[in-house]
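With compact mmCIF, C-alpha atoms inside, this is target.txt:
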```txt
# COMPACT_ATOMS: atom_id res chain seq x y z
CA MET A 1 26.47 23.25 -73.80
CA THR A 2 28.35 20.14 -74.97
CA SER A 3 27.77 18.27 -71.72
CA LEU A 4 24.09 19.22 -71.68
CA GLU A 5 23.64 18.17 -75.30
CA SER A 6 25.22 14.79 -74.52
CA LYS A 7 22.85 14.37 -71.59
CA ALA A 8 19.88 15.34 -73.77
CA VAL A 9 20.80 12.75 -76.41
CA GLU A 10 21.33 10.14 -73.69
CA PHE A 11 18.00 11.03 -72.12
CA LEU A 12 16.02 10.79 -75.35
CA ALA A 13 17.54 7.39 -76.12
CA LEU A 14 16.06 6.00 -72.88
CA HIS A 15 12.52 6.35 -74.28
CA ARG A 16 11.80 2.93 -75.76
CA PRO A 17 8.21 1.79 -76.35
CA GLY A 18 7.61 -1.48 -74.53
CA ASP A 19 10.79 -1.01 -72.48
CA PRO A 20 9.95 2.18 -70.61
CA VAL A 21 12.38 4.37 -68.75
CA VAL A 22 11.22 4.93 -65.18
CA LEU A 23 11.82 8.50 -64.05
CA PRO A 24 11.05 8.74 -60.33
CA THR A 25 9.57 12.16 -59.64
CA VAL A 26 11.62 14.20 -57.14
CA TRP A 27 11.31 17.59 -55.50
CA ASP A 28 14.61 18.39 -53.76
CA ALA A 29 18.26 17.35 -53.53
CA TRP A 30 17.52 14.70 -50.90
CA SER A 31 14.87 12.92 -52.98
CA ALA A 32 17.06 13.21 -56.10
CA ASN A 33 20.05 11.66 -54.32
CA THR A 34 17.82 8.91 -52.96
CA VAL A 35 16.60 8.07 -56.48
CA VAL A 36 20.12 7.99 -57.95
CA GLU A 37 21.44 5.89 -55.07
CA ALA A 38 18.60 3.44 -55.79
CA GLY A 39 20.05 2.93 -59.27
CA PHE A 40 17.95 5.12 -61.56
CA SER A 41 19.75 6.73 -64.49
CA ALA A 42 17.53 9.79 -64.94
CA LEU A 43 14.78 11.60 -63.07
CA THR A 44 12.06 14.16 -63.40
CA VAL A 45 11.21 17.08 -61.15
CA GLY A 46 7.48 17.35 -60.45
CA SER A 47 5.79 20.72 -60.11
CA HIS A 48 3.22 19.43 -57.62
CA PRO A 49 5.73 17.96 -55.13
CA VAL A 50 8.09 20.93 -55.52
CA ALA A 51 5.23 23.33 -54.82
CA ASP A 52 4.25 21.32 -51.74
CA SER A 53 7.85 21.30 -50.53
CA ILE A 54 8.06 25.10 -50.54
CA GLY A 55 4.58 25.81 -49.24
CA ARG A 56 2.96 26.74 -52.54
CA ALA A 57 -0.12 25.42 -54.32
CA ASP A 58 0.02 23.14 -57.34
CA GLY A 59 -1.09 24.75 -60.60
CA GLU A 60 1.52 27.53 -60.83
CA GLY A 61 1.13 28.62 -57.23
CA MET A 62 4.91 29.01 -57.30
CA THR A 63 6.86 31.13 -59.74
CA PHE A 64 9.19 29.91 -62.47
CA THR A 65 12.06 31.49 -60.51
CA GLU A 66 11.13 29.52 -57.40
CA LEU A 67 11.02 26.33 -59.44
CA LEU A 68 14.43 27.00 -61.00
CA THR A 69 15.95 27.69 -57.57
CA ARG A 70 14.95 24.23 -56.41
CA VAL A 71 15.91 22.58 -59.70
CA LYS A 72 19.41 24.06 -59.54
CA GLN A 73 19.87 22.46 -56.13
CA ILE A 74 18.88 19.13 -57.67
CA THR A 75 21.14 19.33 -60.72
CA GLU A 76 24.06 20.34 -58.52
CA ALA A 77 23.46 17.28 -56.34
CA VAL A 78 23.18 14.59 -59.05
CA ASP A 79 24.90 13.95 -62.37
CA VAL A 80 22.09 12.29 -64.33
CA PRO A 81 19.72 13.73 -66.95
CA VAL A 82 17.00 15.82 -65.34
CA SER A 83 13.62 16.73 -66.81
CA VAL A 84 11.28 19.30 -65.27
CA ASP A 85 7.51 19.75 -65.29
CA ILE A 86 7.03 23.42 -66.19
CA GLU A 87 3.22 23.21 -65.88
CA SER A 88 1.69 25.47 -68.57
CA GLY A 89 4.76 27.69 -68.87
CA TYR A 90 4.22 30.29 -66.12
CA GLY A 91 3.22 32.88 -68.72
CA ARG A 92 6.79 32.96 -70.08
CA ARG A 93 7.88 32.99 -73.71
CA PRO A 94 9.40 29.73 -75.00
CA ALA A 95 12.85 31.30 -75.28
CA GLU A 96 12.71 32.41 -71.64
CA LEU A 97 11.66 28.94 -70.51
CA ILE A 98 14.43 27.18 -72.42
CA GLU A 99 17.05 29.70 -71.29
CA GLY A 100 16.08 29.27 -67.66
CA LEU A 101 16.08 25.48 -67.83
CA LEU A 102 19.44 25.27 -69.57
CA GLU A 103 20.98 27.67 -67.06
CA VAL A 104 20.20 25.21 -64.27
CA GLY A 105 21.28 22.11 -66.18
CA VAL A 106 17.97 20.65 -67.38
CA VAL A 107 17.66 18.53 -70.56
CA GLY A 108 13.93 17.76 -70.65
CA LEU A 109 10.56 19.33 -69.91
CA ASN A 110 6.85 18.59 -69.62
CA ILE A 111 4.48 21.22 -71.01
CA GLU A 112 0.74 20.88 -70.44
CA ASP A 113 -2.23 22.38 -72.27
CA SER A 114 -4.17 23.69 -69.26
CA VAL A 115 -3.43 27.39 -68.75
CA HIS A 116 -3.38 27.95 -64.99
CA SER A 117 -2.97 31.72 -65.22
CA GLU A 118 -6.10 32.02 -67.40
CA ASP A 119 -8.71 30.32 -65.25
CA LYS A 120 -7.26 26.91 -66.18
CA ARG A 121 -8.66 27.03 -69.70
CA LEU A 122 -7.59 24.32 -72.14
CA ARG A 123 -5.43 25.57 -74.98
CA GLU A 124 -6.75 24.98 -78.47
CA PRO A 125 -4.94 22.07 -80.15
CA GLN A 126 -2.98 24.23 -82.60
CA GLU A 127 -2.27 26.80 -79.88
CA HIS A 128 -0.59 24.12 -77.78
CA ALA A 129 1.27 22.82 -80.82
CA ASP A 130 2.56 26.32 -81.50
CA LEU A 131 3.92 26.51 -77.96
CA VAL A 132 5.64 23.16 -78.43
CA HIS A 133 7.11 24.46 -81.70
CA GLY A 134 8.41 27.56 -79.94
CA LEU A 135 10.11 25.43 -77.30
CA ARG A 136 11.69 23.23 -79.98
CA GLU A 137 12.96 26.21 -81.96
CA SER A 138 14.40 27.85 -78.86
CA ALA A 139 16.16 24.68 -77.76
CA ASP A 140 17.57 24.11 -81.23
CA ALA A 141 18.83 27.69 -81.30
CA ALA A 142 20.60 27.08 -78.00
CA GLY A 143 22.27 23.95 -79.34
CA VAL A 144 20.68 21.46 -76.95
CA HIS A 145 17.97 19.00 -78.00
CA VAL A 146 15.85 19.50 -74.90
CA VAL A 147 13.47 16.54 -74.74
CA VAL A 148 9.95 17.98 -75.00
CA ASN A 149 7.23 15.86 -73.40
CA ALA A 150 3.97 17.37 -74.67
CA ARG A 151 1.10 16.74 -72.29
CA THR A 152 -2.64 16.96 -72.73
CA ASP A 153 -5.00 17.21 -69.77
CA LEU A 154 -8.04 16.21 -71.81
CA PHE A 155 -8.55 12.98 -69.85
CA LEU A 156 -7.93 14.53 -66.44
CA ARG A 157 -10.39 17.33 -67.16
CA GLN A 158 -12.88 15.03 -68.90
CA ASP A 159 -13.65 17.80 -71.35
CA GLY A 160 -16.26 17.12 -74.03
CA GLU A 161 -17.99 13.89 -74.97
CA GLU A 162 -16.38 10.76 -73.55
CA SER A 163 -17.10 8.86 -76.78
CA THR A 164 -14.77 11.16 -78.77
CA ARG A 165 -12.17 11.90 -76.09
CA VAL A 166 -9.55 9.42 -77.26
CA ASP A 167 -9.89 10.61 -80.85
CA ARG A 168 -9.56 14.24 -79.78
CA ALA A 169 -6.54 13.48 -77.61
CA ILE A 170 -4.84 11.67 -80.48
CA ASP A 171 -5.50 14.63 -82.78
CA ARG A 172 -3.99 17.01 -80.22
CA MET A 173 -0.96 14.84 -79.69
CA ARG A 174 -0.34 14.40 -83.41
CA LEU A 175 -0.22 18.17 -83.81
CA ALA A 176 2.29 18.36 -80.96
CA ALA A 177 4.39 15.69 -82.63
CA GLU A 178 4.41 17.60 -85.91
CA ALA A 179 5.41 20.73 -83.98
CA GLY A 180 8.57 19.15 -82.59
CA ALA A 181 7.68 17.18 -79.47
CA ASP A 182 9.80 14.12 -78.66
CA VAL A 183 7.40 12.35 -76.29
CA LEU A 184 3.61 12.50 -75.94
CA PHE A 185 1.88 12.56 -72.56
CA PRO A 186 -1.90 11.94 -72.64
CA VAL A 187 -1.97 11.84 -68.86
CA GLY A 188 -4.68 9.87 -67.08
CA GLY A 189 -5.67 6.64 -65.41
CA HIS A 190 -6.51 4.84 -68.64
CA SER A 191 -7.98 1.42 -69.12
CA GLU A 192 -5.62 -1.08 -70.69
CA GLU A 193 -7.60 -0.86 -73.94
CA THR A 194 -7.30 2.93 -74.09
CA GLN A 195 -3.62 2.92 -73.20
CA ARG A 196 -2.86 0.33 -75.88
CA ARG A 197 -4.76 2.36 -78.45
CA LEU A 198 -2.86 5.52 -77.54
CA THR A 199 0.54 3.86 -77.78
CA ALA A 200 -0.42 2.15 -81.05
CA GLU A 201 -1.81 5.22 -82.81
CA LEU A 202 0.43 8.01 -81.58
CA PRO A 203 3.53 8.64 -83.71
CA LEU A 204 6.04 9.15 -80.87
CA PRO A 205 6.99 7.44 -77.60
CA VAL A 206 4.20 7.76 -75.04
CA SER A 207 4.51 8.75 -71.39
CA ASN A 208 2.16 8.27 -68.46
CA VAL A 209 2.14 8.32 -64.68
CA GLY A 210 2.40 5.23 -62.51
CA ASN A 211 1.74 4.83 -58.80
CA PRO A 212 4.97 3.50 -57.22
CA GLY A 213 3.09 1.45 -54.63
CA GLN A 214 0.41 0.02 -56.91
CA SER A 215 1.34 0.03 -60.61
CA GLU A 216 3.38 -2.75 -62.21
CA LYS A 217 6.16 -1.82 -64.60
CA ALA A 218 5.72 -5.00 -66.67
CA ALA A 219 2.02 -4.28 -67.22
CA LEU A 220 2.68 -0.70 -68.32
CA ALA A 221 5.50 -1.90 -70.58
CA ALA A 222 3.13 -4.41 -72.19
CA GLN A 223 0.77 -1.54 -72.95
CA GLY A 224 3.52 0.09 -75.02
CA LEU A 225 4.61 2.93 -72.76
CA ALA A 226 8.08 4.38 -73.28
CA ARG A 227 8.23 6.52 -70.14
CA ILE A 228 6.83 6.26 -66.62
CA SER A 229 6.98 8.96 -63.98
CA PHE A 230 5.22 9.18 -60.63
CA GLY A 231 3.68 12.65 -60.50
CA PRO A 232 2.96 13.46 -56.84
CA PHE A 233 2.40 9.81 -55.87
CA LEU A 234 5.91 9.06 -54.56
CA GLN A 235 5.72 12.07 -52.27
CA PHE A 236 2.20 11.04 -51.21
CA ALA A 237 3.42 7.53 -50.36
CA LEU A 238 6.34 8.84 -48.33
CA THR A 239 4.02 11.24 -46.52
CA ALA A 240 1.72 8.37 -45.55
CA GLU A 241 4.65 6.28 -44.33
CA THR A 242 6.04 9.22 -42.35
CA GLN A 243 2.67 9.74 -40.70
CA ARG A 244 2.54 6.03 -39.86
CA LEU A 245 5.95 6.15 -38.21
CA LEU A 246 5.20 9.33 -36.31
CA GLY A 247 1.85 7.94 -35.19
CA ARG A 248 3.71 5.38 -33.06
CA TRP A 249 5.12 8.24 -30.97
CA LYS A 250 1.96 10.15 -30.13
```
Encoded form (structure tokens):
Amino acid sequence: MTSLESKAVEFLALHRPGDPVVLPTVWDAWSANTVVEAGFSALTVGSHPVADSIGRADGEGMTFTELLTRVKQITEAVDVPVSVDIESGYGRRPAELIEGLLEVGVVGLNIEDSVHSEDKRLREPQEHADLVHGLRESADAAGVHVVVNARTDLFLRQDGEESTRVDRAIDRMRLAAEAGADVLFPVGGHSEETQRRLTAELPLPVSNVGNPGQSEKAALAAQGLARISFGPFLQFALTAETQRLLGRWK
């Protein structure tokens, strides 16, 4: 575990508010190699693009075992820190999730508060914090400080009154921080004002998604982000470019 622990420490250190680490989101060994060859020092594996790449639906349409099979191919292909989106946990216990991730060489994870296996309900704030705490305890017991990126889908789902949504998201994220998260991920296409408020009021480095063809790193850095990933948008952009190229040959 020594090598994995070193990678985990290295990975966590990359999260600097105002100087965000960019973690291009990959889905197979080819995309991972492409990212590393482009000069990126770490990456994240996205559940949506992985599911698409193996013919499954996003939202836990694939199994945890299927995800790990693909992730192992990635970690065997590149020697940089790798984080993985484990959706809402595939109905597995925290210890099982951490064990599986460490077995395939992963040092970070995203965990969201929508429960796909239960009609996509939103976990209660403390319920999600308890899951984060279980992941932290399991990682600590294994001797690797797996970087836990705690995500809330409150903005994506637009649950509840809009006027209180930021306050409720901050409350959720603070509970996750107290439970042992390392990074907080209030995912959504926020206004600059909202993003600045989130990064100012949350107690840990903040993560969000950027669009590789549209977002500007400097602008997101100025809003205080510490981590930028691409979700499915890199794969979407490559799909559009592939269709453009193939269209010339019809």
Practice item. Figure out the distance between atom CA of Leu175 of chain A and atom CA of Asp130 of chain A, please, to one decimal in Å. Key: 8.9 Å
Review point. Looking at A:Thr239, A:Ser138, A:Asn149, A:Ser83, which one is nearest to Leu204 of chain A, with distances taken over only C-alpha atoms?
Key: A:Asn149
**Study point:** Residue neighbourhood Val132 of chain A, 12 Å, all atoms listed in the file, exclusion window fewer than 3 positions, as JSON, numbers by chain
**Key:** {"A": [88, 89, 93, 94, 95, 97, 98, 109, 110, 111, 112, 113, 123, 125, 126, 127, 128, 129, 135, 136, 137, 138, 139, 146, 147, 148, 149, 150, 151, 152, 172, 173, 174, 175, 176, 177, 178, 179, 180, 181, 182, 183, 184]}
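Note that atom CA of Val206 of chain A and atom CA of Leu225 of chain A are 5.4 Å apart.
Each of A:Trp30, A:Phe40, A:Phe230, A:Phe64 was compared to Glu99 of chain A using all atoms listed in the file, and A:Phe64 turns out to be the nearest.
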Practice item. Can you work out which one of A:Val35, A:Arg248, A:Tyr90, A:Ala221 has the shortest atom-to-atom distance to Ser47 of chain A, counting all atoms listed in the file? Key: A:Tyr90
